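Structure data follow from protein_17.pdb (PDB, C-alpha atoms):
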ATOM      1  CA  MET S   1     115.049  50.059  84.521  1.00  0.00           C
ATOM      2  CA  THR S   2     112.066  52.143  85.666  1.00  0.00           C
ATOM      3  CA  LYS S   3     108.989  50.139  86.585  1.00  0.00           C
ATOM      4  CA  HIS S   4     105.660  51.411  85.353  1.00  0.00           C
ATOM      5  CA  PRO S   5     102.519  50.355  87.230  1.00  0.00           C
ATOM      6  CA  LYS S   6      99.388  49.149  85.525  1.00  0.00           C
ATOM      7  CA  VAL S   7      96.990  52.094  85.592  1.00  0.00           C
ATOM      8  CA  ILE S   8      93.280  51.279  85.702  1.00  0.00           C
ATOM      9  CA  VAL S   9      90.931  54.238  85.365  1.00  0.00           C
ATOM     10  CA  ILE S  10      87.368  53.825  86.622  1.00  0.00           C
ATOM     11  CA  ALA S  11      85.384  56.654  85.086  1.00  0.00           C
ATOM     12  CA  ASN S  12      82.111  57.894  83.684  1.00  0.00           C
ATOM     13  CA  SER S  13      81.062  61.463  82.910  1.00  0.00           C
ATOM     14  CA  LYS S  14      77.598  60.510  84.187  1.00  0.00           C
ATOM     15  CA  GLY S  15      77.264  60.914  87.942  1.00  0.00           C
ATOM     16  CA  GLY S  16      76.219  58.062  90.202  1.00  0.00           C
ATOM     17  CA  PRO S  17      77.305  54.872  88.390  1.00  0.00           C
ATOM     18  CA  GLY S  18      79.173  53.554  91.444  1.00  0.00           C
ATOM     19  CA  LYS S  19      82.668  54.239  90.170  1.00  0.00           C
ATOM     20  CA  SER S  20      84.110  55.062  93.619  1.00  0.00           C
ATOM     21  CA  THR S  21      82.748  51.817  95.042  1.00  0.00           C
ATOM     22  CA  ILE S  22      84.304  49.848  92.189  1.00  0.00           C
ATOM     23  CA  ALA S  23      87.639  51.697  92.426  1.00  0.00           C
ATOM     24  CA  CYS S  24      87.917  51.215  96.190  1.00  0.00           C
ATOM     25  CA  ASN S  25      86.989  47.544  96.069  1.00  0.00           C
ATOM     26  CA  LEU S  26      89.445  46.782  93.269  1.00  0.00           C
ATOM     27  CA  ALA S  27      92.189  48.604  95.166  1.00  0.00           C
ATOM     28  CA  VAL S  28      91.423  46.433  98.194  1.00  0.00           C
ATOM     29  CA  GLU S  29      91.570  43.243  96.120  1.00  0.00           C
ATOM     30  CA  ALA S  30      94.983  44.165  94.703  1.00  0.00           C
ATOM     31  CA  ALA S  31      96.280  45.123  98.160  1.00  0.00           C
ATOM     32  CA  ARG S  32      95.046  41.806  99.586  1.00  0.00           C
ATOM     33  CA  GLU S  33      97.263  40.119  97.008  1.00  0.00           C
ATOM     34  CA  LYS S  34     100.182  42.002  98.593  1.00  0.00           C
ATOM     35  CA  LYS S  35     100.583  44.286  95.593  1.00  0.00           C
ATOM     36  CA  LYS S  36     101.738  47.873  96.020  1.00  0.00           C
ATOM     37  CA  VAL S  37      98.637  49.938  95.364  1.00  0.00           C
ATOM     38  CA  LEU S  38      97.944  53.629  94.845  1.00  0.00           C
ATOM     39  CA  LEU S  39      94.384  54.950  94.731  1.00  0.00           C
ATOM     40  CA  ILE S  40      94.051  58.341  93.027  1.00  0.00           C
ATOM     41  CA  ASP S  41      90.890  60.311  93.713  1.00  0.00           C
ATOM     42  CA  ALA S  42      90.296  62.581  90.728  1.00  0.00           C
ATOM     43  CA  ASP S  43      86.769  63.529  91.722  1.00  0.00           C
ATOM     44  CA  GLU S  44      86.023  66.714  93.672  1.00  0.00           C
ATOM     45  CA  GLN S  45      83.638  64.772  95.948  1.00  0.00           C
ATOM     46  CA  GLN S  46      86.668  62.795  97.203  1.00  0.00           C
ATOM     47  CA  SER S  47      84.669  59.656  97.999  1.00  0.00           C
ATOM     48  CA  SER S  48      87.704  57.397  97.508  1.00  0.00           C
ATOM     49  CA  LEU S  49      89.853  59.586  99.738  1.00  0.00           C
ATOM     50  CA  ASN S  50      87.179  59.458 102.451  1.00  0.00           C
ATOM     51  CA  PHE S  51      87.138  55.670 102.112  1.00  0.00           C
ATOM     52  CA  ARG S  52      90.902  55.551 102.571  1.00  0.00           C
ATOM     53  CA  SER S  53      90.656  57.764 105.679  1.00  0.00           C
ATOM     54  CA  ALA S  54      88.058  55.455 107.217  1.00  0.00           C
ATOM     55  CA  ARG S  55      90.235  52.458 106.364  1.00  0.00           C
ATOM     56  CA  ALA S  56      93.288  53.975 108.046  1.00  0.00           C
ATOM     57  CA  GLU S  57      91.454  53.917 111.389  1.00  0.00           C
ATOM     58  CA  ASN S  58      91.403  50.112 111.351  1.00  0.00           C
ATOM     59  CA  GLU S  59      94.918  48.779 111.925  1.00  0.00           C
ATOM     60  CA  THR S  60      93.852  45.194 111.207  1.00  0.00           C
ATOM     61  CA  LEU S  61      93.283  46.005 107.523  1.00  0.00           C
ATOM     62  CA  ILE S  62      95.929  45.967 104.799  1.00  0.00           C
ATOM     63  CA  GLN S  63      96.676  49.589 104.025  1.00  0.00           C
ATOM     64  CA  PHE S  64      97.536  51.284 100.733  1.00  0.00           C
ATOM     65  CA  GLN S  65      98.289  54.822  99.659  1.00  0.00           C
ATOM     66  CA  ALA S  66      95.723  57.284  98.343  1.00  0.00           C
ATOM     67  CA  VAL S  67      96.096  60.805  96.983  1.00  0.00           C
ATOM     68  CA  SER S  68      93.829  63.449  95.514  1.00  0.00           C
ATOM     69  CA  ILE S  69      94.665  64.827  92.079  1.00  0.00           C
ATOM     70  CA  ALA S  70      91.567  66.686  90.933  1.00  0.00           C
ATOM     71  CA  LYS S  71      93.224  68.654  88.148  1.00  0.00           C
ATOM     72  CA  ASN S  72      94.013  68.350  84.470  1.00  0.00           C
ATOM     73  CA  THR S  73      97.611  67.145  84.863  1.00  0.00           C
ATOM     74  CA  ILE S  74      96.974  63.543  85.913  1.00  0.00           C
ATOM     75  CA  HIS S  75      98.255  62.123  82.623  1.00  0.00           C
ATOM     76  CA  LYS S  76     101.515  64.018  83.184  1.00  0.00           C
ATOM     77  CA  ASP S  77     101.782  63.318  86.921  1.00  0.00           C
ATOM     78  CA  ILE S  78     101.166  59.583  86.539  1.00  0.00           C
ATOM     79  CA  GLY S  79     104.696  59.038  85.251  1.00  0.00           C
ATOM     80  CA  SER S  80     106.145  59.948  88.651  1.00  0.00           C
ATOM     81  CA  PHE S  81     104.327  57.114  90.445  1.00  0.00           C
ATOM     82  CA  THR S  82     106.760  54.325  89.642  1.00  0.00           C
ATOM     83  CA  ASP S  83     106.895  52.510  92.991  1.00  0.00           C
ATOM     84  CA  PHE S  84     103.578  50.717  92.575  1.00  0.00           C
ATOM     85  CA  ASP S  85     102.190  47.595  90.947  1.00  0.00           C
ATOM     86  CA  PHE S  86      98.711  49.025  90.367  1.00  0.00           C
ATOM     87  CA  VAL S  87      97.279  52.526  90.257  1.00  0.00           C
ATOM     88  CA  PHE S  88      93.499  52.916  90.372  1.00  0.00           C
ATOM     89  CA  ILE S  89      92.050  56.273  89.354  1.00  0.00           C
ATOM     90  CA  ASP S  90      88.524  57.207  90.421  1.00  0.00           C
ATOM     91  CA  ALA S  91      87.392  59.900  87.984  1.00  0.00           C
ATOM     92  CA  GLY S  92      84.279  61.486  86.566  1.00  0.00           C
ATOM     93  CA  GLY S  93      80.941  62.821  87.623  1.00  0.00           C
ATOM     94  CA  ARG S  94      80.912  65.309  84.762  1.00  0.00           C
ATOM     95  CA  ASP S  95      82.818  66.132  81.597  1.00  0.00           C
ATOM     96  CA  SER S  96      85.859  68.147  82.657  1.00  0.00           C
ATOM     97  CA  ALA S  97      89.524  68.667  81.898  1.00  0.00           C
ATOM     98  CA  THR S  98      90.279  66.493  84.934  1.00  0.00           C
ATOM     99  CA  LEU S  99      88.193  63.614  83.603  1.00  0.00           C
ATOM    100  CA  ARG S 100      89.813  63.874  80.187  1.00  0.00           C
ATOM    101  CA  SER S 101      93.267  63.901  81.766  1.00  0.00           C
ATOM    102  CA  ALA S 102      92.401  60.847  83.863  1.00  0.00           C
ATOM    103  CA  ILE S 103      91.218  58.896  80.817  1.00  0.00           C
ATOM    104  CA  LEU S 104      94.468  59.771  79.035  1.00  0.00           C
ATOM    105  CA  SER S 105      96.293  58.177  81.976  1.00  0.00           C
ATOM    106  CA  ALA S 106      94.817  54.708  81.428  1.00  0.00           C
ATOM    107  CA  ARG S 107      97.706  52.288  80.965  1.00  0.00           C
ATOM    108  CA  PRO S 108      96.272  50.004  79.888  1.00  0.00           C
ATOM    109  CA  LEU S 109      92.591  50.054  80.910  1.00  0.00           C
ATOM    110  CA  LEU S 110      89.568  52.323  81.188  1.00  0.00           C
ATOM    111  CA  LEU S 111      86.713  50.644  83.054  1.00  0.00           C
ATOM    112  CA  ILE S 112      83.348  52.363  82.569  1.00  0.00           C
ATOM    113  CA  PRO S 113      80.644  51.433  85.108  1.00  0.00           C
ATOM    114  CA  VAL S 114      77.106  51.862  83.758  1.00  0.00           C
ATOM    115  CA  LEU S 115      73.804  51.567  85.587  1.00  0.00           C
ATOM    116  CA  PRO S 116      71.132  49.407  83.916  1.00  0.00           C
ATOM    117  CA  SER S 117      68.847  52.237  82.807  1.00  0.00           C
ATOM    118  CA  GLN S 118      68.330  53.770  79.400  1.00  0.00           C
ATOM    119  CA  TYR S 119      69.056  57.260  80.742  1.00  0.00           C
ATOM    120  CA  ASP S 120      72.424  56.137  82.095  1.00  0.00           C
ATOM    121  CA  ILE S 121      73.267  54.346  78.877  1.00  0.00           C
ATOM    122  CA  TRP S 122      72.462  57.433  76.823  1.00  0.00           C
ATOM    123  CA  ALA S 123      74.572  59.580  79.170  1.00  0.00           C
ATOM    124  CA  THR S 124      77.516  57.181  78.893  1.00  0.00           C
ATOM    125  CA  ALA S 125      77.796  58.101  75.213  1.00  0.00           C
ATOM    126  CA  LYS S 126      79.648  61.243  76.318  1.00  0.00           C
ATOM    127  CA  THR S 127      82.312  59.153  78.049  1.00  0.00           C
ATOM    128  CA  ILE S 128      82.734  57.074  74.898  1.00  0.00           C
ATOM    129  CA  GLU S 129      83.170  60.284  72.909  1.00  0.00           C
ATOM    130  CA  ILE S 130      85.911  61.444  75.296  1.00  0.00           C
ATOM    131  CA  LEU S 131      87.554  58.020  75.026  1.00  0.00           C
ATOM    132  CA  GLU S 132      87.654  58.206  71.246  1.00  0.00           C
ATOM    133  CA  GLU S 133      89.297  61.633  71.421  1.00  0.00           C
ATOM    134  CA  ALA S 134      91.885  60.283  73.874  1.00  0.00           C
ATOM    135  CA  ARG S 135      92.594  57.331  71.579  1.00  0.00           C
ATOM    136  CA  SER S 136      93.843  59.752  68.948  1.00  0.00           C
ATOM    137  CA  PHE S 137      96.760  60.425  71.332  1.00  0.00           C
ATOM    138  CA  THR S 138      97.385  57.034  72.934  1.00  0.00           C
ATOM    139  CA  ALA S 139      96.211  53.413  72.834  1.00  0.00           C
ATOM    140  CA  ILE S 140      93.600  52.765  75.530  1.00  0.00           C
ATOM    141  CA  LYS S 141      91.735  49.538  76.143  1.00  0.00           C
ATOM    142  CA  ALA S 142      88.216  50.151  77.424  1.00  0.00           C
ATOM    143  CA  VAL S 143      85.468  47.931  78.811  1.00  0.00           C
ATOM    144  CA  LEU S 144      81.935  48.473  80.107  1.00  0.00           C
ATOM    145  CA  LEU S 145      80.749  47.153  83.459  1.00  0.00           C
ATOM    146  CA  LEU S 146      77.068  46.762  84.252  1.00  0.00           C
ATOM    147  CA  ASN S 147      76.733  47.903  87.868  1.00  0.00           C
ATOM    148  CA  GLN S 148      73.975  47.906  90.520  1.00  0.00           C
ATOM    149  CA  VAL S 149      71.982  45.287  88.655  1.00  0.00           C
ATOM    150  CA  ASN S 150      68.693  43.883  89.947  1.00  0.00           C
ATOM    151  CA  ARG S 151      68.911  40.226  89.003  1.00  0.00           C
ATOM    152  CA  ASN S 152      65.192  39.425  88.932  1.00  0.00           C
ATOM    153  CA  THR S 153      64.241  41.956  86.280  1.00  0.00           C
ATOM    154  CA  THR S 154      64.373  42.191  82.518  1.00  0.00           C
ATOM    155  CA  ILE S 155      65.992  45.637  82.826  1.00  0.00           C
ATOM    156  CA  ALA S 156      69.492  44.168  83.096  1.00  0.00           C
ATOM    157  CA  LYS S 157      69.057  42.136  79.905  1.00  0.00           C
ATOM    158  CA  ASP S 158      67.634  45.146  78.075  1.00  0.00           C
ATOM    159  CA  ALA S 159      70.554  47.274  79.297  1.00  0.00           C
ATOM    160  CA  LEU S 160      73.042  44.641  78.161  1.00  0.00           C
ATOM    161  CA  ASP S 161      71.496  44.685  74.703  1.00  0.00           C
ATOM    162  CA  ALA S 162      71.516  48.500  74.620  1.00  0.00           C
ATOM    163  CA  LEU S 163      75.226  48.636  75.526  1.00  0.00           C
ATOM    164  CA  GLN S 164      76.074  46.864  72.285  1.00  0.00           C
ATOM    165  CA  GLU S 165      75.607  50.164  70.420  1.00  0.00           C
ATOM    166  CA  PHE S 166      78.880  51.457  71.899  1.00  0.00           C
ATOM    167  CA  LYS S 167      80.886  48.703  70.208  1.00  0.00           C
ATOM    168  CA  LEU S 168      83.002  48.219  73.332  1.00  0.00           C
ATOM    169  CA  PRO S 169      83.480  44.928  75.180  1.00  0.00           C
ATOM    170  CA  VAL S 170      81.118  44.373  78.098  1.00  0.00           C
ATOM    171  CA  LEU S 171      82.570  42.481  81.050  1.00  0.00           C
ATOM    172  CA  ASN S 172      81.007  39.108  81.776  1.00  0.00           C
ATOM    173  CA  THR S 173      80.916  39.975  85.475  1.00  0.00           C
ATOM    174  CA  GLU S 174      77.950  42.037  86.608  1.00  0.00           C
ATOM    175  CA  ILE S 175      77.812  43.785  89.968  1.00  0.00           C
ATOM    176  CA  CYS S 176      74.423  43.608  91.665  1.00  0.00           C
ATOM    177  CA  GLN S 177      72.742  46.151  93.890  1.00  0.00           C
ATOM    178  CA  ARG S 178      73.606  44.908  97.376  1.00  0.00           C
ATOM    179  CA  ILE S 179      73.497  46.596 100.771  1.00  0.00           C
ATOM    180  CA  ALA S 180      76.886  45.054 101.636  1.00  0.00           C
ATOM    181  CA  PHE S 181      78.623  47.555  99.353  1.00  0.00           C
ATOM    182  CA  LYS S 182      77.272  50.541 101.278  1.00  0.00           C
ATOM    183  CA  ARG S 183      77.902  49.014 104.692  1.00  0.00           C
ATOM    184  CA  ALA S 184      81.468  47.988 103.829  1.00  0.00           C
ATOM    185  CA  ILE S 185      82.397  51.418 102.484  1.00  0.00           C
ATOM    186  CA  THR S 186      81.379  53.174 105.717  1.00  0.00           C
ATOM    187  CA  GLU S 187      83.869  50.957 107.583  1.00  0.00           C
ATOM    188  CA  GLY S 188      86.651  51.521 105.060  1.00  0.00           C
ATOM    189  CA  LYS S 189      86.455  47.897 103.993  1.00  0.00           C
ATOM    190  CA  GLY S 190      86.139  46.087 100.708  1.00  0.00           C
ATOM    191  CA  VAL S 191      83.169  43.736 100.550  1.00  0.00           C
ATOM    192  CA  SER S 192      85.551  40.765 100.568  1.00  0.00           C
ATOM    193  CA  GLU S 193      86.684  41.943 104.028  1.00  0.00           C
ATOM    194  CA  TYR S 194      83.259  42.986 105.299  1.00  0.00           C
ATOM    195  CA  GLU S 195      81.441  39.802 104.283  1.00  0.00           C
ATOM    196  CA  PRO S 196      84.023  37.350 102.902  1.00  0.00           C
ATOM    197  CA  THR S 197      81.538  34.636 101.933  1.00  0.00           C
ATOM    198  CA  GLY S 198      78.816  36.994 100.695  1.00  0.00           C
ATOM    199  CA  LYS S 199      77.546  37.446  97.158  1.00  0.00           C
ATOM    200  CA  ALA S 200      78.990  40.961  96.855  1.00  0.00           C
ATOM    201  CA  ALA S 201      82.449  39.626  97.717  1.00  0.00           C
ATOM    202  CA  ALA S 202      82.117  36.894  95.099  1.00  0.00           C
ATOM    203  CA  GLU S 203      81.170  39.462  92.439  1.00  0.00           C
ATOM    204  CA  ILE S 204      84.114  41.741  93.215  1.00  0.00           C
ATOM    205  CA  LYS S 205      86.528  38.805  93.246  1.00  0.00           C
ATOM    206  CA  ASN S 206      85.177  37.680  89.872  1.00  0.00           C
ATOM    207  CA  LEU S 207      85.490  41.217  88.517  1.00  0.00           C
ATOM    208  CA  TRP S 208      89.117  41.540  89.601  1.00  0.00           C
ATOM    209  CA  LYS S 209      89.917  38.071  88.226  1.00  0.00           C
ATOM    210  CA  GLU S 210      88.324  38.898  84.855  1.00  0.00           C
ATOM    211  CA  VAL S 211      90.093  42.269  84.620  1.00  0.00           C
ATOM    212  CA  LYS S 212      93.492  40.740  85.443  1.00  0.00           C
ATOM    213  CA  GLU S 213      93.211  37.713  83.192  1.00  0.00           C
ATOM    214  CA  LYS S 214      91.690  39.359  80.125  1.00  0.00           C
ATOM    215  CA  TRP S 215      92.572  43.060  80.151  1.00  0.00           C
ATOM    216  CA  LEU S 216      95.881  43.729  81.913  1.00  0.00           C
TER     217      LEU S 216
END
Since I need it in another form, could you write the structure as structure tokens?
Amino acid sequence: MTKHPKVIVIANSKGGPGKSTIACNLAVEAAREKKKVLLIDADEQQSSLNFRSARAENETLIQFQAVSIAKNTIHKDIGSFTDFDFVFIDAGGRDSATLRSAILSARPLLLIPVLPSQYDIWATAKTIEILEEARSFTAIKAVLLLNQVNRNTTIAKDALDALQEFKLPVLNTEICQRIAFKRAITEGKGVSEYEPTGKAAAEIKNLWKEVKEKWL
């Protein structure tokens, strides 16, 4: 019997919501659990692929596979990747055939990172529109993730309220704006490897736990 991996797509048609950071860190968390992981970079900037290259230079880290598929056939190609437990797809940056194909590949989850600003929330409406079109072809679960939050402001609460208009679940976990994310990425590490007892690591661990327990 052919095994089908759980495919988690991290996407937003709005540039800059931190999707590559989320995708890479979730891939690391799954790999640290000794799961077979594939990271697909579906963005022309290839941030996730660059992360994987940096990671490969450190032999002490748990490694996982990564490939670039920046074309509109991802939803067809995904069926050939059967030798994995989890596939994470980093997609978006703009509305494109590649993004739409990536969203169609979500089996079972589309995770949409959103920055806590009204402009970003308005722009995310396009991603929701693409999701609804994709749902006419296949069942896709989708959740919103508030990313790069500044805890000591009212902006995060206002953003959380504004996200309700999309009528999609919002994850309980919020990811804060922390320098550890940027420093870890440059070393090809997840934050749980870079600073195991840090706040960024705790947030990513909570995010992965919530995604696994409630959405997969």
*asked:* Running the PyMOL selection byres ((chain S and resi 38) around 10) on this model by hand, what would come out? Give it as a count of residues only.
replied: 23
*Exercise: residues within 8 Å of coordinate (81.5, 41.4, 89.6), counting only C-alpha atoms, as a list in words*: Thr173, Glu174, Ile175, Cys176, Ala200, Ala202, Glu203, Ile204, Lys205, Asn206, Leu207 and Trp208 of chain S
*Picked residues, the PyMOL selection byres ((chain S and resi 148) around 12), expected as a ChimeraX atom specification*: /S:16-19,21-22,113-117,120,145-147,149-151,155-156,159,173-182,200,203
*asked:* Between S:Thr186, S:His4, S:Lys209, S:Ile121, which residue has the minimum interatomic distance to Glu165 (chain S), considering all atoms listed in the file?
replied: S:Ile121
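Between Ala125 (chain S) and the candidates S:Asp77, S:Asp95, S:Glu59, S:Glu213, the tightest atom-to-atom separation, counting only C-alpha atoms, involves S:Asp95.
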*So which one's closest to Ser13 (chain S), S:Tyr194, S:Phe137, S:Trp215, S:Trp122? Using only C-alpha atoms, please.*
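So, comparing all the options, the nearest one is S:Trp122.
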*Counting all atoms listed in the file, what is within 9 Å of Leu99 (chain S), bar same-chain residues fewer than 2 positions away, as a ChimeraX atom specification?*
/S:11-13,42-43,70-72,91-97,101-104,130
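With CA of Phe166 (chain S) on one side and CA of Ile10 (chain S) on the other, the separation reads 17.2 Å.
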*With distances taken over all atoms listed in the file, which of S:Ser192, S:Ser68, S:Asn152, S:Gln118 is nearest to Arg32 (chain S)?*
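Distance minimum relative to Arg32 (chain S) lands on S:Ser192.
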*Residues picked by the PyMOL selection byres ((chain S and resi 131) around 9) here, as a PyMOL selection string?*
chain S and resi 100+103-104+110+126-130+132-136+140+142
*Find the residues near Gly188 (chain S): any atom within 9 Å, counting all atoms listed in the file, skip ones fewer than 4 places away on the same chain, and give them as a list of chain:residue names.*
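So the residues in contact are S:Cys24, S:Asn50, S:Phe51, S:Arg52, S:Ser53, S:Ala54, S:Arg55, S:Ala56, S:Glu57, S:Asn58, S:Leu61, S:Ala184.
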*What is the distance, in Å and to one decimal place, between CA of Leu26 (chain S) and CA of Pro196 (chain S)?*
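These two atoms are separated by 14.5 Å.
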*When you draw a straight line from CA of Leu168 (chain S) to CA of Val143 (chain S), how long is it in Å?*
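One can read the CA of Leu168 (chain S) to CA of Val143 (chain S) distance as 6.0 Å.
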Could I see region 144-167 of chain S restored to N, CA and C atoms, set down as a PDB file, in the coordinates of the input?
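Listed below is the output, selection_32.pdb:
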ATOM      1  N   LEU S 144      83.130  48.023  79.395  1.00  0.00           N
ATOM      2  CA  LEU S 144      81.935  48.473  80.107  1.00  0.00           C
ATOM      3  C   LEU S 144      81.587  47.473  81.199  1.00  0.00           C
ATOM      4  N   LEU S 145      81.154  47.993  82.342  1.00  0.00           N
ATOM      5  CA  LEU S 145      80.749  47.153  83.459  1.00  0.00           C
ATOM      6  C   LEU S 145      79.329  47.508  83.861  1.00  0.00           C
ATOM      7  N   LEU S 146      78.440  46.540  83.813  1.00  0.00           N
ATOM      8  CA  LEU S 146      77.068  46.762  84.252  1.00  0.00           C
ATOM      9  C   LEU S 146      77.042  46.680  85.777  1.00  0.00           C
ATOM     10  N   ASN S 147      76.640  47.785  86.415  1.00  0.00           N
ATOM     11  CA  ASN S 147      76.733  47.903  87.868  1.00  0.00           C
ATOM     12  C   ASN S 147      75.350  48.136  88.490  1.00  0.00           C
ATOM     13  N   GLN S 148      75.220  47.732  89.760  1.00  0.00           N
ATOM     14  CA  GLN S 148      73.975  47.906  90.520  1.00  0.00           C
ATOM     15  C   GLN S 148      72.785  47.264  89.802  1.00  0.00           C
ATOM     16  N   VAL S 149      72.997  46.045  89.400  1.00  0.00           N
ATOM     17  CA  VAL S 149      71.982  45.287  88.655  1.00  0.00           C
ATOM     18  C   VAL S 149      70.986  44.645  89.617  1.00  0.00           C
ATOM     19  N   ASN S 150      69.717  44.663  89.246  1.00  0.00           N
ATOM     20  CA  ASN S 150      68.693  43.883  89.947  1.00  0.00           C
ATOM     21  C   ASN S 150      68.474  42.605  89.153  1.00  0.00           C
ATOM     22  N   ARG S 151      68.889  41.494  89.735  1.00  0.00           N
ATOM     23  CA  ARG S 151      68.911  40.226  89.003  1.00  0.00           C
ATOM     24  C   ARG S 151      67.539  39.780  88.486  1.00  0.00           C
ATOM     25  N   ASN S 152      66.496  39.992  89.270  1.00  0.00           N
ATOM     26  CA  ASN S 152      65.192  39.425  88.932  1.00  0.00           C
ATOM     27  C   ASN S 152      64.343  40.336  88.056  1.00  0.00           C
ATOM     28  N   THR S 153      64.986  41.078  87.179  1.00  0.00           N
ATOM     29  CA  THR S 153      64.241  41.956  86.280  1.00  0.00           C
ATOM     30  C   THR S 153      64.751  41.774  84.854  1.00  0.00           C
ATOM     31  N   THR S 154      63.939  42.236  83.912  1.00  0.00           N
ATOM     32  CA  THR S 154      64.373  42.191  82.518  1.00  0.00           C
ATOM     33  C   THR S 154      65.201  43.421  82.167  1.00  0.00           C
ATOM     34  N   ILE S 155      65.275  44.389  83.105  1.00  0.00           N
ATOM     35  CA  ILE S 155      65.992  45.637  82.826  1.00  0.00           C
ATOM     36  C   ILE S 155      67.458  45.375  82.530  1.00  0.00           C
ATOM     37  N   ALA S 156      68.071  44.457  83.289  1.00  0.00           N
ATOM     38  CA  ALA S 156      69.492  44.168  83.096  1.00  0.00           C
ATOM     39  C   ALA S 156      69.751  43.615  81.697  1.00  0.00           C
ATOM     40  N   LYS S 157      68.886  42.711  81.253  1.00  0.00           N
ATOM     41  CA  LYS S 157      69.057  42.136  79.905  1.00  0.00           C
ATOM     42  C   LYS S 157      68.870  43.211  78.838  1.00  0.00           C
ATOM     43  N   ASP S 158      67.867  44.065  79.032  1.00  0.00           N
ATOM     44  CA  ASP S 158      67.634  45.146  78.075  1.00  0.00           C
ATOM     45  C   ASP S 158      68.827  46.100  78.036  1.00  0.00           C
ATOM     46  N   ALA S 159      69.396  46.385  79.220  1.00  0.00           N
ATOM     47  CA  ALA S 159      70.554  47.274  79.297  1.00  0.00           C
ATOM     48  C   ALA S 159      71.748  46.655  78.590  1.00  0.00           C
ATOM     49  N   LEU S 160      71.934  45.350  78.802  1.00  0.00           N
ATOM     50  CA  LEU S 160      73.042  44.641  78.161  1.00  0.00           C
ATOM     51  C   LEU S 160      72.926  44.727  76.646  1.00  0.00           C
ATOM     52  N   ASP S 161      71.730  44.570  76.152  1.00  0.00           N
ATOM     53  CA  ASP S 161      71.496  44.685  74.703  1.00  0.00           C
ATOM     54  C   ASP S 161      71.779  46.108  74.222  1.00  0.00           C
ATOM     55  N   ALA S 162      71.339  47.098  75.010  1.00  0.00           N
ATOM     56  CA  ALA S 162      71.516  48.500  74.620  1.00  0.00           C
ATOM     57  C   ALA S 162      72.984  48.905  74.596  1.00  0.00           C
ATOM     58  N   LEU S 163      73.797  48.294  75.463  1.00  0.00           N
ATOM     59  CA  LEU S 163      75.226  48.636  75.526  1.00  0.00           C
ATOM     60  C   LEU S 163      75.985  48.243  74.260  1.00  0.00           C
ATOM     61  N   GLN S 164      75.403  47.326  73.499  1.00  0.00           N
ATOM     62  CA  GLN S 164      76.074  46.864  72.285  1.00  0.00           C
ATOM     63  C   GLN S 164      76.306  48.001  71.289  1.00  0.00           C
ATOM     64  N   GLU S 165      75.481  49.057  71.371  1.00  0.00           N
ATOM     65  CA  GLU S 165      75.607  50.164  70.420  1.00  0.00           C
ATOM     66  C   GLU S 165      76.954  50.880  70.537  1.00  0.00           C
ATOM     67  N   PHE S 166      77.604  50.767  71.701  1.00  0.00           N
ATOM     68  CA  PHE S 166      78.880  51.457  71.899  1.00  0.00           C
ATOM     69  C   PHE S 166      80.054  50.733  71.256  1.00  0.00           C
ATOM     70  N   LYS S 167      79.840  49.493  70.860  1.00  0.00           N
ATOM     71  CA  LYS S 167      80.886  48.703  70.208  1.00  0.00           C
ATOM     72  C   LYS S 167      82.149  48.598  71.075  1.00  0.00           C
TER      73      LYS S 167
END
